[in-house]
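Next up, run25.cif (mmCIF, N, CA and C atoms):
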data_work
#
loop_
_atom_site.label_atom_id
_atom_site.label_comp_id
_atom_site.auth_asym_id
_atom_site.auth_seq_id
_atom_site.Cartn_x
_atom_site.Cartn_y
_atom_site.Cartn_z
N MET A 1 20.84 38.93 58.06
CA MET A 1 21.90 38.50 58.94
C MET A 1 22.12 36.98 58.85
N GLN A 2 21.03 36.25 58.63
CA GLN A 2 21.13 34.80 58.54
C GLN A 2 21.99 34.38 57.34
N ALA A 3 21.88 35.10 56.23
CA ALA A 3 22.69 34.78 55.04
C ALA A 3 24.18 34.88 55.37
N TYR A 4 24.57 35.89 56.11
CA TYR A 4 25.98 36.05 56.48
C TYR A 4 26.46 34.89 57.35
N MET A 5 25.59 34.40 58.20
CA MET A 5 25.94 33.27 59.04
C MET A 5 26.20 32.02 58.20
N TRP A 6 25.30 31.75 57.25
CA TRP A 6 25.46 30.58 56.38
C TRP A 6 26.69 30.71 55.49
N ILE A 7 26.91 31.90 54.94
CA ILE A 7 28.07 32.13 54.09
C ILE A 7 29.35 31.99 54.90
N GLY A 8 29.37 32.54 56.10
CA GLY A 8 30.54 32.43 56.98
C GLY A 8 30.85 30.99 57.35
N LEU A 9 29.82 30.22 57.68
CA LEU A 9 30.01 28.81 58.01
C LEU A 9 30.54 28.05 56.80
N GLY A 10 29.94 28.30 55.64
CA GLY A 10 30.41 27.65 54.41
C GLY A 10 31.83 28.04 54.09
N GLY A 11 32.17 29.31 54.28
CA GLY A 11 33.54 29.78 54.02
C GLY A 11 34.54 29.11 54.94
N ALA A 12 34.17 28.95 56.20
CA ALA A 12 35.07 28.28 57.15
C ALA A 12 35.28 26.82 56.74
N LEU A 13 34.22 26.13 56.39
CA LEU A 13 34.34 24.74 55.96
C LEU A 13 35.16 24.62 54.68
N GLY A 14 34.90 25.53 53.73
CA GLY A 14 35.65 25.52 52.47
C GLY A 14 37.13 25.79 52.69
N SER A 15 37.44 26.72 53.58
CA SER A 15 38.84 27.04 53.87
C SER A 15 39.56 25.86 54.52
N MET A 16 38.89 25.19 55.44
CA MET A 16 39.50 24.02 56.06
C MET A 16 39.70 22.90 55.04
N ALA A 17 38.73 22.72 54.16
CA ALA A 17 38.86 21.70 53.12
C ALA A 17 39.99 22.05 52.15
N ARG A 18 40.15 23.34 51.85
CA ARG A 18 41.25 23.78 50.98
C ARG A 18 42.59 23.46 51.63
N HIS A 19 42.73 23.76 52.90
CA HIS A 19 43.98 23.50 53.61
C HIS A 19 44.32 22.01 53.56
N TRP A 20 43.36 21.18 53.81
CA TRP A 20 43.56 19.73 53.79
C TRP A 20 43.90 19.26 52.37
N SER A 21 43.14 19.73 51.38
CA SER A 21 43.34 19.31 49.99
C SER A 21 44.70 19.72 49.44
N THR A 22 45.11 20.96 49.71
CA THR A 22 46.41 21.41 49.20
C THR A 22 47.54 20.65 49.88
N GLY A 23 47.38 20.34 51.15
CA GLY A 23 48.39 19.53 51.84
C GLY A 23 48.49 18.14 51.24
N LEU A 24 47.36 17.53 50.95
CA LEU A 24 47.35 16.20 50.35
C LEU A 24 48.00 16.24 48.96
N ALA A 25 47.65 17.24 48.17
CA ALA A 25 48.23 17.36 46.83
C ALA A 25 49.75 17.54 46.91
N SER A 26 50.22 18.29 47.89
CA SER A 26 51.66 18.49 48.05
C SER A 26 52.37 17.19 48.41
N VAL A 27 51.72 16.37 49.24
CA VAL A 27 52.31 15.08 49.61
C VAL A 27 52.36 14.17 48.38
N ILE A 28 51.30 14.19 47.59
CA ILE A 28 51.22 13.30 46.43
C ILE A 28 52.11 13.78 45.28
N ALA A 29 52.02 15.08 44.94
CA ALA A 29 52.68 15.59 43.73
C ALA A 29 53.95 16.39 44.01
N GLY A 30 54.22 16.74 45.25
CA GLY A 30 55.40 17.53 45.56
C GLY A 30 55.08 19.02 45.57
N VAL A 31 56.09 19.81 45.90
CA VAL A 31 55.87 21.25 46.07
C VAL A 31 56.56 22.10 45.00
N GLY A 32 57.13 21.48 43.98
CA GLY A 32 57.82 22.24 42.94
C GLY A 32 56.90 23.04 42.04
N PHE A 33 55.63 22.68 42.01
CA PHE A 33 54.61 23.34 41.19
C PHE A 33 53.37 23.45 42.07
N PRO A 34 52.59 24.52 41.94
CA PRO A 34 51.42 24.70 42.83
C PRO A 34 50.24 23.78 42.48
N TRP A 35 50.48 22.46 42.55
CA TRP A 35 49.43 21.49 42.23
C TRP A 35 48.23 21.59 43.17
N GLY A 36 48.47 21.90 44.43
CA GLY A 36 47.37 21.98 45.40
C GLY A 36 46.38 23.07 45.04
N THR A 37 46.89 24.26 44.73
CA THR A 37 46.01 25.36 44.36
C THR A 37 45.27 25.05 43.07
N LEU A 38 45.98 24.51 42.10
CA LEU A 38 45.34 24.13 40.84
C LEU A 38 44.23 23.12 41.09
N THR A 39 44.52 22.13 41.91
CA THR A 39 43.54 21.08 42.21
C THR A 39 42.28 21.64 42.86
N VAL A 40 42.44 22.48 43.90
CA VAL A 40 41.25 23.00 44.57
C VAL A 40 40.47 23.93 43.66
N ASN A 41 41.14 24.69 42.82
CA ASN A 41 40.41 25.58 41.92
C ASN A 41 39.62 24.81 40.86
N VAL A 42 40.17 23.70 40.37
CA VAL A 42 39.44 22.88 39.40
C VAL A 42 38.26 22.19 40.07
N ILE A 43 38.47 21.61 41.24
CA ILE A 43 37.38 20.94 41.96
C ILE A 43 36.29 21.95 42.34
N GLY A 44 36.70 23.10 42.84
CA GLY A 44 35.73 24.13 43.19
C GLY A 44 34.94 24.61 41.99
N SER A 45 35.59 24.72 40.84
CA SER A 45 34.89 25.12 39.61
C SER A 45 33.87 24.06 39.20
N LEU A 46 34.25 22.80 39.32
CA LEU A 46 33.33 21.71 39.01
C LEU A 46 32.11 21.77 39.93
N ILE A 47 32.34 21.95 41.21
CA ILE A 47 31.25 21.98 42.19
C ILE A 47 30.32 23.17 41.95
N ILE A 48 30.88 24.35 41.70
CA ILE A 48 30.02 25.52 41.54
C ILE A 48 29.21 25.44 40.24
N GLY A 49 29.80 24.84 39.20
CA GLY A 49 29.05 24.64 37.97
C GLY A 49 27.89 23.69 38.16
N PHE A 50 28.16 22.59 38.86
CA PHE A 50 27.12 21.59 39.16
C PHE A 50 26.02 22.21 40.01
N ALA A 51 26.42 22.98 41.03
CA ALA A 51 25.44 23.62 41.91
C ALA A 51 24.60 24.63 41.16
N ALA A 52 25.21 25.40 40.27
CA ALA A 52 24.47 26.40 39.51
C ALA A 52 23.37 25.75 38.67
N ALA A 53 23.66 24.58 38.13
CA ALA A 53 22.67 23.89 37.30
C ALA A 53 21.61 23.17 38.11
N THR A 54 21.97 22.60 39.25
CA THR A 54 21.03 21.73 39.96
C THR A 54 20.27 22.40 41.10
N LEU A 55 20.78 23.50 41.63
CA LEU A 55 20.13 24.12 42.79
C LEU A 55 19.20 25.27 42.42
N SER A 56 19.11 25.58 41.12
CA SER A 56 18.22 26.65 40.69
C SER A 56 16.76 26.20 40.82
N ALA A 57 15.84 27.12 40.64
CA ALA A 57 14.42 26.80 40.76
C ALA A 57 14.00 25.73 39.75
N GLU A 58 14.66 25.68 38.60
CA GLU A 58 14.34 24.69 37.56
C GLU A 58 15.19 23.43 37.68
N GLY A 59 16.10 23.39 38.63
CA GLY A 59 17.06 22.29 38.74
C GLY A 59 16.49 21.05 39.41
N ARG A 60 17.31 20.03 39.43
CA ARG A 60 16.95 18.75 40.04
C ARG A 60 16.71 18.90 41.53
N PHE A 61 17.47 19.78 42.16
CA PHE A 61 17.38 19.98 43.61
C PHE A 61 17.11 21.45 43.92
N PRO A 62 15.92 21.96 43.56
CA PRO A 62 15.64 23.37 43.79
C PRO A 62 15.88 23.72 45.26
N SER A 63 16.64 24.78 45.47
CA SER A 63 17.05 25.11 46.83
C SER A 63 16.80 26.57 47.14
N SER A 64 16.77 26.86 48.41
CA SER A 64 16.58 28.23 48.87
C SER A 64 17.84 29.05 48.59
N ASP A 65 17.68 30.36 48.66
CA ASP A 65 18.84 31.25 48.51
C ASP A 65 19.90 30.92 49.56
N SER A 66 19.47 30.57 50.77
CA SER A 66 20.42 30.27 51.84
C SER A 66 21.30 29.07 51.50
N VAL A 67 20.70 28.04 50.94
CA VAL A 67 21.46 26.84 50.57
C VAL A 67 22.44 27.17 49.45
N ARG A 68 21.98 27.89 48.42
CA ARG A 68 22.86 28.26 47.32
C ARG A 68 24.00 29.16 47.81
N GLN A 69 23.69 30.12 48.67
CA GLN A 69 24.73 31.01 49.20
C GLN A 69 25.73 30.24 50.06
N PHE A 70 25.23 29.33 50.89
CA PHE A 70 26.11 28.51 51.72
C PHE A 70 27.12 27.76 50.86
N LEU A 71 26.63 27.08 49.82
CA LEU A 71 27.50 26.24 49.01
C LEU A 71 28.32 27.06 48.00
N MET A 72 27.65 27.91 47.24
CA MET A 72 28.33 28.57 46.12
C MET A 72 29.20 29.75 46.57
N VAL A 73 28.70 30.57 47.50
CA VAL A 73 29.48 31.72 47.96
C VAL A 73 30.39 31.29 49.12
N GLY A 74 29.84 30.57 50.08
CA GLY A 74 30.60 30.19 51.26
C GLY A 74 31.61 29.09 51.01
N VAL A 75 31.12 27.87 50.76
CA VAL A 75 32.02 26.73 50.62
C VAL A 75 32.96 26.90 49.42
N CYS A 76 32.39 27.17 48.24
CA CYS A 76 33.23 27.30 47.05
C CYS A 76 34.14 28.53 47.15
N GLY A 77 33.64 29.61 47.72
CA GLY A 77 34.47 30.81 47.89
C GLY A 77 35.62 30.57 48.85
N GLY A 78 35.37 29.82 49.91
CA GLY A 78 36.43 29.50 50.86
C GLY A 78 37.39 28.44 50.33
N TYR A 79 36.87 27.55 49.51
CA TYR A 79 37.67 26.44 48.99
C TYR A 79 38.62 26.87 47.88
N THR A 80 38.12 27.65 46.94
CA THR A 80 38.97 28.09 45.83
C THR A 80 39.75 29.32 46.24
N THR A 81 40.82 29.61 45.50
CA THR A 81 41.69 30.68 45.95
C THR A 81 42.45 31.33 44.81
N PHE A 82 41.87 32.35 44.26
CA PHE A 82 42.54 33.07 43.18
C PHE A 82 43.73 33.86 43.70
N SER A 83 43.65 34.33 44.92
CA SER A 83 44.76 35.12 45.46
C SER A 83 46.01 34.26 45.61
N ALA A 84 45.87 33.03 46.08
CA ALA A 84 47.03 32.14 46.20
C ALA A 84 47.58 31.80 44.82
N PHE A 85 46.71 31.55 43.86
CA PHE A 85 47.13 31.29 42.48
C PHE A 85 47.95 32.47 41.96
N SER A 86 47.48 33.66 42.18
CA SER A 86 48.18 34.85 41.69
C SER A 86 49.55 35.00 42.31
N LEU A 87 49.64 34.82 43.63
CA LEU A 87 50.91 34.95 44.32
C LEU A 87 51.89 33.86 43.89
N GLN A 88 51.41 32.63 43.77
CA GLN A 88 52.29 31.54 43.36
C GLN A 88 52.80 31.74 41.94
N THR A 89 51.95 32.25 41.07
CA THR A 89 52.38 32.53 39.69
C THR A 89 53.42 33.64 39.67
N LEU A 90 53.20 34.68 40.46
CA LEU A 90 54.19 35.76 40.55
C LEU A 90 55.51 35.24 41.10
N THR A 91 55.47 34.39 42.10
CA THR A 91 56.69 33.82 42.67
C THR A 91 57.46 33.00 41.62
N LEU A 92 56.74 32.25 40.81
CA LEU A 92 57.38 31.50 39.73
C LEU A 92 58.05 32.45 38.73
N ILE A 93 57.38 33.55 38.39
CA ILE A 93 57.95 34.54 37.47
C ILE A 93 59.20 35.17 38.08
N GLU A 94 59.10 35.58 39.33
CA GLU A 94 60.24 36.23 39.99
C GLU A 94 61.44 35.30 40.13
N SER A 95 61.19 33.99 40.19
CA SER A 95 62.31 33.05 40.30
C SER A 95 62.82 32.63 38.92
N GLY A 96 62.28 33.27 37.87
CA GLY A 96 62.74 32.98 36.52
C GLY A 96 62.15 31.72 35.92
N ARG A 97 61.13 31.16 36.56
CA ARG A 97 60.50 29.93 36.07
C ARG A 97 59.29 30.30 35.21
N TRP A 98 59.59 30.94 34.09
CA TRP A 98 58.53 31.44 33.21
C TRP A 98 57.64 30.34 32.66
N LEU A 99 58.22 29.24 32.25
CA LEU A 99 57.43 28.15 31.71
C LEU A 99 56.45 27.61 32.75
N SER A 100 56.92 27.44 33.98
CA SER A 100 56.03 26.98 35.05
C SER A 100 54.94 28.01 35.33
N ALA A 101 55.30 29.30 35.31
CA ALA A 101 54.32 30.36 35.57
C ALA A 101 53.22 30.35 34.51
N PHE A 102 53.62 30.30 33.25
CA PHE A 102 52.61 30.31 32.18
C PHE A 102 51.85 28.99 32.13
N SER A 103 52.51 27.89 32.47
CA SER A 103 51.80 26.62 32.55
C SER A 103 50.74 26.67 33.65
N ASN A 104 51.11 27.22 34.79
CA ASN A 104 50.15 27.34 35.90
C ASN A 104 48.96 28.20 35.49
N ALA A 105 49.22 29.33 34.85
CA ALA A 105 48.13 30.22 34.43
C ALA A 105 47.25 29.54 33.38
N GLY A 106 47.88 28.95 32.38
CA GLY A 106 47.11 28.29 31.32
C GLY A 106 46.30 27.11 31.82
N LEU A 107 46.95 26.26 32.63
CA LEU A 107 46.23 25.11 33.18
C LEU A 107 45.09 25.56 34.09
N SER A 108 45.34 26.57 34.92
CA SER A 108 44.30 27.04 35.84
C SER A 108 43.09 27.56 35.08
N ILE A 109 43.33 28.40 34.09
CA ILE A 109 42.21 28.97 33.33
C ILE A 109 41.50 27.88 32.53
N GLY A 110 42.28 27.11 31.77
CA GLY A 110 41.67 26.07 30.93
C GLY A 110 40.93 25.01 31.72
N LEU A 111 41.58 24.47 32.75
CA LEU A 111 40.96 23.41 33.53
C LEU A 111 39.78 23.90 34.36
N CYS A 112 39.89 25.11 34.92
CA CYS A 112 38.78 25.62 35.74
C CYS A 112 37.56 25.97 34.90
N VAL A 113 37.77 26.58 33.75
CA VAL A 113 36.63 26.87 32.87
C VAL A 113 36.04 25.56 32.35
N GLY A 114 36.90 24.61 32.01
CA GLY A 114 36.40 23.30 31.60
C GLY A 114 35.64 22.59 32.71
N ALA A 115 36.13 22.71 33.93
CA ALA A 115 35.47 22.06 35.07
C ALA A 115 34.11 22.70 35.37
N VAL A 116 34.04 24.02 35.32
CA VAL A 116 32.75 24.65 35.59
C VAL A 116 31.74 24.27 34.50
N TRP A 117 32.19 24.17 33.26
CA TRP A 117 31.32 23.73 32.17
C TRP A 117 30.87 22.29 32.40
N LEU A 118 31.82 21.40 32.74
CA LEU A 118 31.50 20.00 32.98
C LEU A 118 30.51 19.85 34.13
N GLY A 119 30.75 20.57 35.22
CA GLY A 119 29.83 20.51 36.35
C GLY A 119 28.44 21.00 35.98
N TYR A 120 28.39 22.06 35.19
CA TYR A 120 27.11 22.63 34.78
C TYR A 120 26.36 21.66 33.87
N VAL A 121 27.05 21.09 32.90
CA VAL A 121 26.43 20.14 31.98
C VAL A 121 25.96 18.90 32.74
N ALA A 122 26.78 18.41 33.67
CA ALA A 122 26.37 17.25 34.47
C ALA A 122 25.12 17.58 35.28
N GLY A 123 25.08 18.77 35.84
CA GLY A 123 23.90 19.19 36.59
C GLY A 123 22.67 19.29 35.72
N LEU A 124 22.83 19.86 34.53
CA LEU A 124 21.69 19.98 33.60
C LEU A 124 21.15 18.60 33.22
N ALA A 125 22.04 17.63 33.08
CA ALA A 125 21.61 16.27 32.71
C ALA A 125 20.73 15.66 33.79
N LEU A 126 20.89 16.09 35.03
CA LEU A 126 20.07 15.57 36.13
C LEU A 126 18.73 16.28 36.27
N ASN A 127 18.65 17.47 35.71
CA ASN A 127 17.43 18.27 35.88
C ASN A 127 16.24 17.60 35.20
N PRO A 128 15.05 17.81 35.78
CA PRO A 128 13.86 17.27 35.15
C PRO A 128 13.64 17.93 33.79
N ARG A 129 13.11 17.19 32.89
CA ARG A 129 12.89 17.73 31.53
C ARG A 129 11.48 18.20 31.37
#

Written form, structure tokens:
Amino acid sequence: MQAYMWIGLGGALGSMARHWSTGLASVIAGVGFPWGTLTVNVIGSLIIGFAAATLSAEGRFPSSDSVRQFLMVGVCGGYTTFSAFSLQTLTLIESGRWLSAFSNAGLSIGLCVGAVWLGYVAGLALNPR
């Protein structure tokens, strides 16, 4: 039951951070393209990759299951949003903005996979040898 509490708390914090981040991205970049969703998904991918490398038993900051679940399942799960990405991409397709739709999909996949790799590599570099 304690794990659910930590995951729920992390999810709430991640969701609030997502709301703030997407709003900020919209103010900075505008609303013509889903920059906010792309931004949170890339940042979340970077964080989860870093956490996977550093919070493991062999990592720089070995952590309990509760800490890993709080951050990786709760915070990152609440912060990133594949469902919003999917809906926004569908909306772009339905409005005939095919180039924007495919750009969103390609950028999201490429940047998020790149970010999770970068976070993981950065975390590995901190781990004791």

Pick from A:Gly106, A:Gly114, A:Pro62, A:Pro128: nearest to Ile43 in chain A, with only C-alpha atoms counted? A:Gly114

Output the residue selection produced by the PyMOL selection byres (((chain A and resi 109 and name CA) around 12) and name CA) on the file above, formatted as a list in words. Leu38, Thr39, Asn41, Val42, Ser45, Phe82, Phe85, Ser86, Phe102, Ser103, Asn104, Ala105, Gly106, Leu107, Ser108, Gly110, Leu111, Cys112, Val113, Gly114, Ala115 and Val116 of chain A

Set the distance at 6.5 Å and use all atoms listed in the file: which residues neighbour Gly77 in chain A once local chain neighbours fewer than 6 positions away are removed? I'd like the list as a ChimeraX atom specification. /A:11,14-15,71

Write a file of the selected residues as a short mmCIF file (atom, residue, chain, number, x, y, z; two decimals), keeping the file's coordinate frame, keeping N, CA and C atoms.
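out_36.cif was written with the following content:
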data_model
loop_
_atom_site.label_atom_id
_atom_site.label_comp_id
_atom_site.auth_asym_id
_atom_site.auth_seq_id
_atom_site.Cartn_x
_atom_site.Cartn_y
_atom_site.Cartn_z
N GLY A 11 32.17 29.31 54.28
CA GLY A 11 33.54 29.78 54.02
C GLY A 11 34.54 29.11 54.94
N GLY A 14 34.90 25.53 53.73
CA GLY A 14 35.65 25.52 52.47
C GLY A 14 37.13 25.79 52.69
N SER A 15 37.44 26.72 53.58
CA SER A 15 38.84 27.04 53.87
C SER A 15 39.56 25.86 54.52
N LEU A 71 26.63 27.08 49.82
CA LEU A 71 27.50 26.24 49.01
C LEU A 71 28.32 27.06 48.00
#

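CA of Gln2 in chain A to CA of Val75 in chain A spans 15.7 Å [interatomic distance, one decimal].
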
Mind giving me the straight-line distance from atom C of Glu94 in chain A to atom C of Ala29 in chain A in Å, one decimal? 20.7 Å

To verify the selection step, state as a ChimeraX atom specification which residues the PyMOL selection byres (((chain A and resi 22 and name CA) around 8) and name CA) yields on this input. /A:18-21,23-26,35-37,39-40

Atoms kept (N, CA and C atoms) for selection, written as an mmCIF file, in the frame of the given file:
data_model
loop_
_atom_site.group_PDB
_atom_site.id
_atom_site.type_symbol
_atom_site.label_atom_id
_atom_site.label_comp_id
_atom_site.auth_asym_id
_atom_site.auth_seq_id
_atom_site.Cartn_x
_atom_site.Cartn_y
_atom_site.Cartn_z
ATOM 1 N N ARG A 18 40.150 23.340 51.850
ATOM 2 C CA ARG A 18 41.250 23.780 50.980
ATOM 3 C C ARG A 18 42.590 23.460 51.630
ATOM 4 N N HIS A 19 42.730 23.760 52.900
ATOM 5 C CA HIS A 19 43.980 23.500 53.610
ATOM 6 C C HIS A 19 44.320 22.010 53.560
ATOM 7 N N TRP A 20 43.360 21.180 53.810
ATOM 8 C CA TRP A 20 43.560 19.730 53.790
ATOM 9 C C TRP A 20 43.900 19.260 52.370
ATOM 10 N N SER A 21 43.140 19.730 51.380
ATOM 11 C CA SER A 21 43.340 19.310 49.990
ATOM 12 C C SER A 21 44.700 19.720 49.440
ATOM 13 N N GLY A 23 47.380 20.340 51.150
ATOM 14 C CA GLY A 23 48.390 19.530 51.840
ATOM 15 C C GLY A 23 48.490 18.140 51.240
ATOM 16 N N LEU A 24 47.360 17.530 50.950
ATOM 17 C CA LEU A 24 47.350 16.200 50.350
ATOM 18 C C LEU A 24 48.000 16.240 48.960
ATOM 19 N N ALA A 25 47.650 17.240 48.170
ATOM 20 C CA ALA A 25 48.230 17.360 46.830
ATOM 21 C C ALA A 25 49.750 17.540 46.910
ATOM 22 N N SER A 26 50.220 18.290 47.890
ATOM 23 C CA SER A 26 51.660 18.490 48.050
ATOM 24 C C SER A 26 52.370 17.190 48.410
ATOM 25 N N TRP A 35 50.480 22.460 42.550
ATOM 26 C CA TRP A 35 49.430 21.490 42.230
ATOM 27 C C TRP A 35 48.230 21.590 43.170
ATOM 28 N N GLY A 36 48.470 21.900 44.430
ATOM 29 C CA GLY A 36 47.370 21.980 45.400
ATOM 30 C C GLY A 36 46.380 23.070 45.040
ATOM 31 N N THR A 37 46.890 24.260 44.730
ATOM 32 C CA THR A 37 46.010 25.360 44.360
ATOM 33 C C THR A 37 45.270 25.050 43.070
ATOM 34 N N THR A 39 44.520 22.130 41.910
ATOM 35 C CA THR A 39 43.540 21.080 42.210
ATOM 36 C C THR A 39 42.280 21.640 42.860
ATOM 37 N N VAL A 40 42.440 22.480 43.900
ATOM 38 C CA VAL A 40 41.250 23.000 44.570
ATOM 39 C C VAL A 40 40.470 23.930 43.660
#

note - atom C of Met5 in chain A and CA of Tyr79 in chain A are separated by 15.7 Å

Determine the residue membership of the PyMOL selection byres (((chain A and resi 55-57 and name CA) around 12) and name CA) for the file above and supply it as a short mmCIF file (atom, residue, chain, number, x, y, z; two decimals) with N, CA and C atoms, in the coordinates of the input.
data_model
loop_
_atom_site.label_atom_id
_atom_site.label_comp_id
_atom_site.auth_asym_id
_atom_site.auth_seq_id
_atom_site.Cartn_x
_atom_site.Cartn_y
_atom_site.Cartn_z
N ILE A 47 32.34 21.95 41.21
CA ILE A 47 31.25 21.98 42.19
C ILE A 47 30.32 23.17 41.95
N ILE A 48 30.88 24.35 41.70
CA ILE A 48 30.02 25.52 41.54
C ILE A 48 29.21 25.44 40.24
N GLY A 49 29.80 24.84 39.20
CA GLY A 49 29.05 24.64 37.97
C GLY A 49 27.89 23.69 38.16
N PHE A 50 28.16 22.59 38.86
CA PHE A 50 27.12 21.59 39.16
C PHE A 50 26.02 22.21 40.01
N ALA A 51 26.42 22.98 41.03
CA ALA A 51 25.44 23.62 41.91
C ALA A 51 24.60 24.63 41.16
N ALA A 52 25.21 25.40 40.27
CA ALA A 52 24.47 26.40 39.51
C ALA A 52 23.37 25.75 38.67
N ALA A 53 23.66 24.58 38.13
CA ALA A 53 22.67 23.89 37.30
C ALA A 53 21.61 23.17 38.11
N THR A 54 21.97 22.60 39.25
CA THR A 54 21.03 21.73 39.96
C THR A 54 20.27 22.40 41.10
N GLU A 58 14.66 25.68 38.60
CA GLU A 58 14.34 24.69 37.56
C GLU A 58 15.19 23.43 37.68
N GLY A 59 16.10 23.39 38.63
CA GLY A 59 17.06 22.29 38.74
C GLY A 59 16.49 21.05 39.41
N ARG A 60 17.31 20.03 39.43
CA ARG A 60 16.95 18.75 40.04
C ARG A 60 16.71 18.90 41.53
N PHE A 61 17.47 19.78 42.16
CA PHE A 61 17.38 19.98 43.61
C PHE A 61 17.11 21.45 43.92
N PRO A 62 15.92 21.96 43.56
CA PRO A 62 15.64 23.37 43.79
C PRO A 62 15.88 23.72 45.26
N SER A 63 16.64 24.78 45.47
CA SER A 63 17.05 25.11 46.83
C SER A 63 16.80 26.57 47.14
N SER A 64 16.77 26.86 48.41
CA SER A 64 16.58 28.23 48.87
C SER A 64 17.84 29.05 48.59
N ASP A 65 17.68 30.36 48.66
CA ASP A 65 18.84 31.25 48.51
C ASP A 65 19.90 30.92 49.56
N SER A 66 19.47 30.57 50.77
CA SER A 66 20.42 30.27 51.84
C SER A 66 21.30 29.07 51.50
N VAL A 67 20.70 28.04 50.94
CA VAL A 67 21.46 26.84 50.57
C VAL A 67 22.44 27.17 49.45
N ARG A 68 21.98 27.89 48.42
CA ARG A 68 22.86 28.26 47.32
C ARG A 68 24.00 29.16 47.81
N GLN A 69 23.69 30.12 48.67
CA GLN A 69 24.73 31.01 49.20
C GLN A 69 25.73 30.24 50.06
N PHE A 70 25.23 29.33 50.89
CA PHE A 70 26.11 28.51 51.72
C PHE A 70 27.12 27.76 50.86
N LEU A 71 26.63 27.08 49.82
CA LEU A 71 27.50 26.24 49.01
C LEU A 71 28.32 27.06 48.00
N MET A 72 27.65 27.91 47.24
CA MET A 72 28.33 28.57 46.12
C MET A 72 29.20 29.75 46.57
N TYR A 120 28.39 22.06 35.19
CA TYR A 120 27.11 22.63 34.78
C TYR A 120 26.36 21.66 33.87
N GLY A 123 25.08 18.77 35.84
CA GLY A 123 23.90 19.19 36.59
C GLY A 123 22.67 19.29 35.72
N LEU A 124 22.83 19.86 34.53
CA LEU A 124 21.69 19.98 33.60
C LEU A 124 21.15 18.60 33.22
N LEU A 126 20.89 16.09 35.03
CA LEU A 126 20.07 15.57 36.13
C LEU A 126 18.73 16.28 36.27
N ASN A 127 18.65 17.47 35.71
CA ASN A 127 17.43 18.27 35.88
C ASN A 127 16.24 17.60 35.20
N PRO A 128 15.05 17.81 35.78
CA PRO A 128 13.86 17.27 35.15
C PRO A 128 13.64 17.93 33.79
#

Based on DSSP run over this structure's backbone, return all residues of chain A in helix (DSSP H, G or I), as an MDAnalysis selection string. chainID A and resid 2:29 35:54 65:79 82:94 98:126

Measuring atom to atom with only C-alpha atoms, identify which of A:Ser100, A:Thr80, A:Ser95, A:Thr89 is nearest to Leu13 in chain A. A:Thr80

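The closest residue to Gly44 in chain A, picked from A:Gly119, A:Gly10, A:Ser83, A:Thr91 and counting only C-alpha atoms, is A:Gly119.
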